[in-house]
Every structure is written in structure tokens, then in C-alpha cells.
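Only one structure is covered here, and it is reproduced in the block below.
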Amino acid sequence: MKVKNLNSSSRKTKKAIKEAFAELMHEKCELSNITVKELVARADITRSSFYTHYDNIYEVAGDIQNETMEMLQKNIEDLKNIDDFNHCIDDITNYLKENEYIYTMILSSPNAIIYADRIVKLLRKKLDISFNKKTPNELDLIFYSYGCTNLFIKHFRGEINYSLDEINMYVKSLVKKLF
């Protein structure tokens, strides 16, 4: 990424780029079908503004994924027990609410499954380490990690009629049952 110190204008530009990217991803369903020309027109910015922040479309996708992974990593790095887990899930849910528009657009594409796999790997690794005193069953870890991640994806795709808060409460209750 090119711009290191984000001022207010740069943050707005990057947000416009990400929102336009999410919309195009939703419409075109394939990253390779999105062009910089379309993105800058949708974001209502100049090509030079785009290239000030990113080298290409793939870097925008990577930035959104990395931002999500950094948020998840930050929220789960201090996870040591189930009590910490409830706070972590609340923080993640709040982040998703703040960025609901972008995730609704991006997760509606078929490429979302690759994105979900990165999240699941991070979650499984941390759950395994955090609850190692009880040594969770491997199948429980797989079921929980994929199940929770897919509940959120299904929410953003509009495939289930549960709010983020309802999913949050269910995810927290399920961890108590499984672990």
C-alpha cells in the first residue's frame, strides 16, 4: 500500500474506493471482472487518487481482507478463556455492524469462501490454544469455526433472517455448550 499516514481526506478516499469495490464485487461476482476505470467512476474519484492508495484492484481486495484479519487477530489475541470470548465476539460483532455495507457486498460473491477459510483457520488456531486446558474435540473446533463463520456470511448474503446481535448471542451460547 502506498499511503502510510492517512489524513481525513485519504481515509474518505479509501472508504469510497472500498465501498465502490464492494458494490462492483457484488455485481460482477469475480475480482478479475472489475477494472480500475469502473471503480474510479463508481467511487467518483480520479485515477491518480486511486493510484495514490493502491497499485491495482487486487490490492484493494487484499487490503479489505487484511483489515478484517487484523481486526480479528487483535480481538482474539488476548483470548484465554470463555469469559474473554464473550467480549471478543461483542467487539467483532460491533466491527461488522460498522462495516455492514461493505461486507454485505463482498460476501455475496462466490469468492467469499476463500475469505472465510482464512477466518476459520485463525479462529480454529486460537480456540485450540485458548481452551487447551479442556482440550476441545477436533470435530467441535471444526464445527464451531466453520459454523460461526458461515452464520455471519449467511447473514450478509441475506440467506438467514437473523440480526448480527442474534447471531452474536447464539455464537456465545454455543461456545459454552461445546467448550
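To be explicit about the labels: the chains of the C-alpha cells are called A, B, and onward in the order shown, and within each one the residues are counted from 1, while ligands get numbers from 1 in the order they are shown.
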Per-residue nearest contacts of region 45-162 of chain A to region 12-21 of chain A (12 Å; only C-alpha atoms) as CSV:
```
residue,atom,partner,partner_atom,distance
A:Ile45,CA,A:Thr13,CA,7.6
A:Thr46,CA,A:Thr13,CA,10.1
A:Arg47,CA,A:Ile17,CA,10.9
A:Ser48,CA,A:Thr13,CA,11.4
A:Ser49,CA,A:Thr13,CA,7.6
A:Phe50,CA,A:Ile17,CA,7.4
A:Tyr51,CA,A:Ile17,CA,10.8
A:Thr52,CA,A:Thr13,CA,9.9
A:His53,CA,A:Lys14,CA,7.2
A:Tyr54,CA,A:Lys14,CA,9.2
A:Asn56,CA,A:Phe21,CA,11.4
A:Ile57,CA,A:Phe21,CA,8.2
A:Tyr58,CA,A:Phe21,CA,10.2
A:Glu59,CA,A:Lys18,CA,10.7
A:Val60,CA,A:Lys18,CA,6.9
A:Ala61,CA,A:Phe21,CA,8.0
A:Gly62,CA,A:Lys18,CA,10.8
A:Asp63,CA,A:Lys18,CA,8.9
A:Ile64,CA,A:Lys18,CA,7.4
A:Gln65,CA,A:Lys18,CA,11.0
A:Glu67,CA,A:Lys18,CA,11.3
A:Asn99,CA,A:Glu19,CA,9.7
A:Glu100,CA,A:Glu19,CA,10.6
A:Tyr101,CA,A:Glu19,CA,7.7
A:Ile102,CA,A:Glu19,CA,5.8
A:Tyr103,CA,A:Glu19,CA,9.4
A:Thr104,CA,A:Glu19,CA,10.5
A:Met105,CA,A:Glu19,CA,8.4
A:Ile106,CA,A:Phe21,CA,8.3
A:Ser109,CA,A:Phe21,CA,11.9
```
Task: Among listed residues A:Asp83, A:Val40, A:Asn7, A:Asn33, nearest Lys176 (chain A) (using only C-alpha atoms) - done: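 Distance minimum relative to Lys176 (chain A) lands on A:Asp83.
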- [ ] Check the smallest atom-to-atom distance from each of A:Gly158, A:Asp140, A:Glu77, A:Glu38 to Lys177 (chain A) using only C-alpha atoms, then report the winner.
- [x]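 With only C-alpha atoms as the atom set, the closest residue is A:Asp140.
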Task: alpha helix (DSSP H) per DSSP on the backbone: members of chain A, as an MDAnalysis selection string - done: chainID A and resid 8:28 36:43 47:53 57:76 82:98 100:106 112:130 138:157 164:178
- [ ] Report the distance between CA of Leu151 (chain A) and CA of Glu30 (chain A) in Å, rounded to one decimal place.
- [x]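 CA of Glu30 (chain A) lies 22.3 Å from CA of Leu151 (chain A).
Minimum atom-to-atom distance to Cys29 (chain A), evaluated using only C-alpha atoms, belongs to A:Ser108 out of A:Asn161, A:Thr149, A:Ser108, A:Ser173.
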TODO: Tell me, in Å to one decimal, how far CA of Tyr144 (chain A) is from CA of Arg118 (chain A).
DONE: 14.7 Å
Open item on the list: So, with only C-alpha atoms as the atoms that count, which of A:Leu107, A:Cys88, A:Val175, A:Leu31 lies closest to Phe156 (chain A)?
Closed with: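 Closest to Phe156 (chain A) of all the choices is A:Leu107.
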Residues near Val120 (chain A), anyone? I mean within 10 Å using only C-alpha atoms, not counting same-chain ones fewer than 3 positions away, as a CSV table (one decimal) with C-alpha atoms, in the first residue's frame.
```
chain,number,residue,atom,x,y,z
A,115,TYR,CA,-12.0,-15.3,2.5
A,116,ALA,CA,-13.9,-17.4,5.0
A,117,ASP,CA,-11.2,-20.0,5.0
A,123,LEU,CA,-10.3,-18.9,14.7
A,124,ARG,CA,-9.6,-22.6,15.0
A,125,LYS,CA,-5.9,-22.0,15.9
A,126,LYS,CA,-6.9,-19.5,18.6
A,141,LEU,CA,-13.4,-27.0,16.7
A,142,ILE,CA,-14.2,-27.6,13.1
A,144,TYR,CA,-17.8,-24.3,15.7
A,145,SER,CA,-15.3,-22.4,13.5
A,146,TYR,CA,-17.0,-23.1,10.2
A,147,GLY,CA,-20.5,-22.9,11.6
A,148,CYS,CA,-20.0,-19.5,13.2
A,149,THR,CA,-18.2,-18.0,10.2
A,150,ASN,CA,-20.9,-19.3,7.9
```
TODO: Return the single residue from A:Leu96, A:Ile119, A:Leu178, A:Val171 that is closest to Leu139 (chain A), with distances computed using only C-alpha atoms.
DONE: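 Result for the nearest residue to Leu139 (chain A): A:Leu178.
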